[in-house]
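Down below is the structure, laid out as structure tokens.
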Amino acid sequence: MPQPEKNFTHLNEGNQPRMVDVSGKAVTHRTAVAEAMVHLGPELARMLKETGSTKKGPVIQTAVIAGIQGSKRTSDLIPMCHPLPLSAVEVDIQLEGEKARIQVQVKTSNQTGVEMEALTGASVAALTLYDMCKSISKAMIIESVRLLKKTGGKSGEYRADH
């Protein structure tokens, strides 16, 4: 079996999974912003712009709450993530043409970053939007989920190329 590269921190010397020990790292203020794009299609986009609801209820508000909850529950879903006390989670959903742009910003002061919490929040918000609207259209496409920005920690700042 080939040796893992040094940057695979979730594997130990025996190539077995592990949760990274962050006990020696400094507590710093950390933020992350992630984005999910959902292609809605013309009928659903029009309906959401006009009413914002389906038979299940208010779509955008429900997806915002789901994004917050998803961020908070990341360590329950992603095996090697540390449970983190989050200082803030903000979810913004904008309808742009036939798409919904979901952005999630997460903040903490801790020994490890919140990239996974932001990505999970954006993913869960997108999945919730799909769930709330699937009775109208099952042709929605979650086109992308990506990290836009992160600050804090040893690796410093990251910004995605747009």
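Letters for chains follow the order of the structure tokens (A, B, ...), residue numbers begin at 1 for each chain, and ligand numbers begin at 1 in the order shown.
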Shell around His162 (chain A) at 12 Å using only C-alpha atoms, local window under 5 positions removed, as an MDAnalysis selection string
chainID A and resid 35 146:149
Could the residues in this selection be written to a file with C-alpha atoms, as a short mmCIF file (atom, residue, chain, number, x, y, z; two decimals), in the first residue's frame?
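This is the output file selection14.cif:
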data_model
loop_
_atom_site.label_atom_id
_atom_site.label_comp_id
_atom_site.auth_asym_id
_atom_site.auth_seq_id
_atom_site.Cartn_x
_atom_site.Cartn_y
_atom_site.Cartn_z
CA GLU A 35 -21.73 28.65 -1.55
CA ARG A 146 -17.66 25.22 -2.85
CA LEU A 147 -15.60 27.12 -0.33
CA LEU A 148 -15.41 30.82 -1.19
CA LYS A 149 -13.30 32.11 1.69
#
For Tyr130 (chain A), find every residue with an atom within 10 Å (counting only C-alpha atoms), except residues of its own chain fewer than 2 positions away, and show them as a PDB file with C-alpha atoms, in the first residue's frame.
ATOM      1  CA  VAL A  38     -29.209  25.293  -7.311  1.00  0.00           C
ATOM      2  CA  HIS A  39     -30.687  25.403 -10.818  1.00  0.00           C
ATOM      3  CA  LEU A  40     -34.442  25.710 -10.298  1.00  0.00           C
ATOM      4  CA  VAL A  59     -39.170  27.624   1.075  1.00  0.00           C
ATOM      5  CA  ALA A  63     -33.788  26.388   3.836  1.00  0.00           C
ATOM      6  CA  VAL A 124     -28.086  21.067   3.731  1.00  0.00           C
ATOM      7  CA  ALA A 125     -29.762  24.340   2.709  1.00  0.00           C
ATOM      8  CA  ALA A 126     -29.595  23.254  -0.953  1.00  0.00           C
ATOM      9  CA  LEU A 127     -30.994  19.810  -0.153  1.00  0.00           C
ATOM     10  CA  THR A 128     -33.785  21.399   1.884  1.00  0.00           C
ATOM     11  CA  MET A 132     -39.387  21.807  -0.252  1.00  0.00           C
ATOM     12  CA  CYS A 133     -39.824  22.145  -4.035  1.00  0.00           C
ATOM     13  CA  LYS A 134     -39.718  18.587  -5.381  1.00  0.00           C
ATOM     14  CA  SER A 135     -43.512  18.484  -5.706  1.00  0.00           C
ATOM     15  CA  ILE A 136     -43.202  21.314  -8.247  1.00  0.00           C
ATOM     16  CA  SER A 137     -40.099  20.066 -10.074  1.00  0.00           C
ATOM     17  CA  LYS A 138     -37.796  17.106  -9.634  1.00  0.00           C
ATOM     18  CA  ALA A 139     -35.519  18.503 -12.369  1.00  0.00           C
ATOM     19  CA  MET A 140     -33.675  20.844  -9.984  1.00  0.00           C
ATOM     20  CA  ILE A 141     -29.901  20.461 -10.048  1.00  0.00           C
ATOM     21  CA  ILE A 142     -27.578  21.215  -7.179  1.00  0.00           C
TER      22      ILE A 142
END
CA of Glu43 (chain A) to CA of Thr62 (chain A) measures 19.9 Å
How many Å lie between CA of Ala118 (chain A) and CA of Val89 (chain A), rounded to one decimal?
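A separation of 8.2 Å between them.
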Using only C-alpha atoms, which of the listed residues (A:Met80, A:Ala36, A:Thr54, A:Arg73) sits closest to Gln103 (chain A)?
A:Ala36
Within region 10-112 of chain A, find each residue whose DSSP state, derived from the backbone, is strand (DSSP E or B), and express the selection as number ranges by chain.
A: 11, 17, 28-39, 53-54, 57-58, 88-96, 99-110
Would you save the residues from that selection as an mmCIF file, in the first residue's frame, using N, CA and C atoms?
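What landed in result-v6.cif:
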data_model
loop_
_atom_site.group_PDB
_atom_site.id
_atom_site.type_symbol
_atom_site.label_atom_id
_atom_site.label_comp_id
_atom_site.auth_asym_id
_atom_site.auth_seq_id
_atom_site.Cartn_x
_atom_site.Cartn_y
_atom_site.Cartn_z
ATOM 1 N N LEU A 11 -5.014 10.595 8.200
ATOM 2 C CA LEU A 11 -4.479 9.237 8.190
ATOM 3 C C LEU A 11 -3.248 9.196 9.091
ATOM 4 N N PRO A 17 -7.542 5.753 9.480
ATOM 5 C CA PRO A 17 -8.188 7.044 9.738
ATOM 6 C C PRO A 17 -8.026 7.474 11.189
ATOM 7 N N THR A 28 -7.712 30.758 17.612
ATOM 8 C CA THR A 28 -7.785 31.997 16.835
ATOM 9 C C THR A 28 -9.208 32.177 16.325
ATOM 10 N N HIS A 29 -9.525 33.390 15.919
ATOM 11 C CA HIS A 29 -10.825 33.669 15.315
ATOM 12 C C HIS A 29 -10.787 33.116 13.894
ATOM 13 N N ARG A 30 -11.786 32.321 13.545
ATOM 14 C CA ARG A 30 -11.821 31.652 12.247
ATOM 15 C C ARG A 30 -13.184 31.864 11.601
ATOM 16 N N THR A 31 -13.160 32.084 10.295
ATOM 17 C CA THR A 31 -14.403 32.221 9.542
ATOM 18 C C THR A 31 -14.300 31.400 8.268
ATOM 19 N N ALA A 32 -15.454 31.045 7.729
ATOM 20 C CA ALA A 32 -15.506 30.388 6.429
ATOM 21 C C ALA A 32 -16.817 30.772 5.759
ATOM 22 N N VAL A 33 -16.750 30.931 4.442
ATOM 23 C CA VAL A 33 -17.938 31.208 3.636
ATOM 24 C C VAL A 33 -17.984 30.159 2.529
ATOM 25 N N ALA A 34 -19.125 29.490 2.416
ATOM 26 C CA ALA A 34 -19.328 28.494 1.362
ATOM 27 C C ALA A 34 -20.563 28.874 0.565
ATOM 28 N N GLU A 35 -20.626 28.327 -0.643
ATOM 29 C CA GLU A 35 -21.729 28.647 -1.547
ATOM 30 C C GLU A 35 -22.238 27.372 -2.209
ATOM 31 N N ALA A 36 -23.546 27.286 -2.362
ATOM 32 C CA ALA A 36 -24.181 26.244 -3.159
ATOM 33 C C ALA A 36 -25.039 26.937 -4.204
ATOM 34 N N MET A 37 -25.031 26.394 -5.415
ATOM 35 C CA MET A 37 -25.873 26.911 -6.500
ATOM 36 C C MET A 37 -26.878 25.832 -6.872
ATOM 37 N N VAL A 38 -28.151 26.230 -6.953
ATOM 38 C CA VAL A 38 -29.209 25.293 -7.311
ATOM 39 C C VAL A 38 -29.927 25.825 -8.543
ATOM 40 N N HIS A 39 -29.931 25.041 -9.616
ATOM 41 C CA HIS A 39 -30.687 25.403 -10.818
ATOM 42 C C HIS A 39 -32.132 24.978 -10.585
ATOM 43 N N SER A 53 -43.387 30.203 -1.520
ATOM 44 C CA SER A 53 -43.884 29.042 -0.782
ATOM 45 C C SER A 53 -44.327 27.924 -1.707
ATOM 46 N N THR A 54 -44.366 26.731 -1.133
ATOM 47 C CA THR A 54 -45.016 25.586 -1.754
ATOM 48 C C THR A 54 -46.009 25.057 -0.718
ATOM 49 N N GLY A 57 -44.693 24.886 2.757
ATOM 50 C CA GLY A 57 -44.468 26.086 3.551
ATOM 51 C C GLY A 57 -43.471 27.028 2.903
ATOM 52 N N PRO A 58 -42.955 27.978 3.705
ATOM 53 C CA PRO A 58 -42.031 28.985 3.185
ATOM 54 C C PRO A 58 -40.668 28.366 2.848
ATOM 55 N N ALA A 88 -21.322 32.180 15.241
ATOM 56 C CA ALA A 88 -22.367 32.726 14.366
ATOM 57 C C ALA A 88 -22.489 31.867 13.119
ATOM 58 N N VAL A 89 -23.715 31.782 12.601
ATOM 59 C CA VAL A 89 -23.981 31.173 11.300
ATOM 60 C C VAL A 89 -24.974 32.084 10.602
ATOM 61 N N GLU A 90 -24.610 32.554 9.415
ATOM 62 C CA GLU A 90 -25.505 33.373 8.608
ATOM 63 C C GLU A 90 -25.726 32.684 7.270
ATOM 64 N N VAL A 91 -26.987 32.556 6.884
ATOM 65 C CA VAL A 91 -27.351 31.927 5.622
ATOM 66 C C VAL A 91 -28.099 32.963 4.792
ATOM 67 N N ASP A 92 -27.626 33.167 3.583
ATOM 68 C CA ASP A 92 -28.259 34.114 2.663
ATOM 69 C C ASP A 92 -28.624 33.364 1.389
ATOM 70 N N ILE A 93 -29.888 33.459 0.987
ATOM 71 C CA ILE A 93 -30.344 32.797 -0.233
ATOM 72 C C ILE A 93 -30.938 33.850 -1.157
ATOM 73 N N GLN A 94 -30.356 33.944 -2.341
ATOM 74 C CA GLN A 94 -30.818 34.908 -3.339
ATOM 75 C C GLN A 94 -31.267 34.167 -4.589
ATOM 76 N N LEU A 95 -32.398 34.589 -5.140
ATOM 77 C CA LEU A 95 -32.874 34.053 -6.405
ATOM 78 C C LEU A 95 -32.299 34.904 -7.518
ATOM 79 N N GLU A 96 -31.569 34.259 -8.425
ATOM 80 C CA GLU A 96 -30.898 34.949 -9.535
ATOM 81 C C GLU A 96 -31.287 34.253 -10.833
ATOM 82 N N LYS A 99 -31.805 30.403 -10.912
ATOM 83 C CA LYS A 99 -30.955 29.758 -9.907
ATOM 84 C C LYS A 99 -31.181 30.357 -8.524
ATOM 85 N N ALA A 100 -30.855 29.559 -7.531
ATOM 86 C CA ALA A 100 -30.792 30.032 -6.153
ATOM 87 C C ALA A 100 -29.330 29.972 -5.729
ATOM 88 N N ARG A 101 -28.807 31.092 -5.239
ATOM 89 C CA ARG A 101 -27.438 31.156 -4.713
ATOM 90 C C ARG A 101 -27.548 31.139 -3.188
ATOM 91 N N ILE A 102 -26.950 30.127 -2.597
ATOM 92 C CA ILE A 102 -26.971 29.965 -1.144
ATOM 93 C C ILE A 102 -25.564 30.241 -0.631
ATOM 94 N N GLN A 103 -25.437 31.204 0.281
ATOM 95 C CA GLN A 103 -24.135 31.464 0.898
ATOM 96 C C GLN A 103 -24.267 31.319 2.408
ATOM 97 N N VAL A 104 -23.302 30.621 2.980
ATOM 98 C CA VAL A 104 -23.295 30.367 4.413
ATOM 99 C C VAL A 104 -21.971 30.847 4.979
ATOM 100 N N GLN A 105 -22.053 31.724 5.984
ATOM 101 C CA GLN A 105 -20.860 32.202 6.684
ATOM 102 C C GLN A 105 -20.910 31.673 8.116
ATOM 103 N N VAL A 106 -19.802 31.070 8.544
ATOM 104 C CA VAL A 106 -19.704 30.493 9.877
ATOM 105 C C VAL A 106 -18.491 31.093 10.577
ATOM 106 N N LYS A 107 -18.651 31.355 11.885
ATOM 107 C CA LYS A 107 -17.562 31.929 12.689
ATOM 108 C C LYS A 107 -17.388 31.134 13.971
ATOM 109 N N THR A 108 -16.135 31.071 14.420
ATOM 110 C CA THR A 108 -15.807 30.493 15.723
ATOM 111 C C THR A 108 -14.473 31.065 16.192
ATOM 112 N N SER A 109 -14.191 30.905 17.447
ATOM 113 C CA SER A 109 -12.839 31.102 17.984
ATOM 114 C C SER A 109 -12.454 29.748 18.556
ATOM 115 N N ASN A 110 -11.519 29.091 17.875
ATOM 116 C CA ASN A 110 -11.206 27.719 18.250
ATOM 117 C C ASN A 110 -9.842 27.336 17.699
#
DSSP helix (DSSP H, G or I) residues within region 7-46 of chain A, as a CSV table (one decimal) with N, CA and C atoms, in the first residue's frame:
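Output file result.csv follows:
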chain,number,residue,atom,x,y,z
A,42,PRO,N,-37.4,27.4,-15.0
A,42,PRO,CA,-38.2,28.6,-15.1
A,42,PRO,C,-39.4,28.7,-14.3
A,43,GLU,N,-40.2,27.6,-14.3
A,43,GLU,CA,-41.5,27.6,-13.5
A,43,GLU,C,-41.3,27.7,-12.0
A,44,LEU,N,-40.4,27.0,-11.5
A,44,LEU,CA,-40.1,27.0,-10.0
A,44,LEU,C,-39.5,28.4,-9.6
A,45,ALA,N,-38.6,28.9,-10.5
A,45,ALA,CA,-38.0,30.2,-10.1
A,45,ALA,C,-39.0,31.3,-10.1
A,46,ARG,N,-39.9,31.2,-11.1
A,46,ARG,CA,-41.0,32.2,-11.1
A,46,ARG,C,-41.9,32.1,-9.9
Write out as a count of residues only which residues come within 6 Å of Gly67 (chain A) when counting only C-alpha atoms, dropping same-chain ones fewer than 2 positions away.
8
Calculate how many Å separate CA of Tyr158 (chain A) from CA of Ser71 (chain A), rounding to one decimal.
19.5 Å
Give me the residues within 9 Å of His82 (chain A) as a PDB file with C-alpha atoms, in the first residue's frame, counting only C-alpha atoms and dropping any in the same chain fewer than 2 places off.
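Listing of result.pdb after writing:
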ATOM      1  CA  MET A  19      -9.212  12.554  14.094  1.00  0.00           C
ATOM      2  CA  VAL A  20      -6.443  15.142  14.023  1.00  0.00           C
ATOM      3  CA  THR A  74     -21.456  18.953  10.971  1.00  0.00           C
ATOM      4  CA  SER A  75     -19.479  16.766  13.383  1.00  0.00           C
ATOM      5  CA  ILE A  78     -18.611  14.173   8.816  1.00  0.00           C
ATOM      6  CA  PRO A  79     -16.664  11.542  10.801  1.00  0.00           C
ATOM      7  CA  MET A  80     -13.344  13.360  11.361  1.00  0.00           C
ATOM      8  CA  LEU A  84     -17.146  23.117  17.508  1.00  0.00           C
ATOM      9  CA  THR A 112      -9.581  24.343  14.091  1.00  0.00           C
TER      10      THR A 112
END
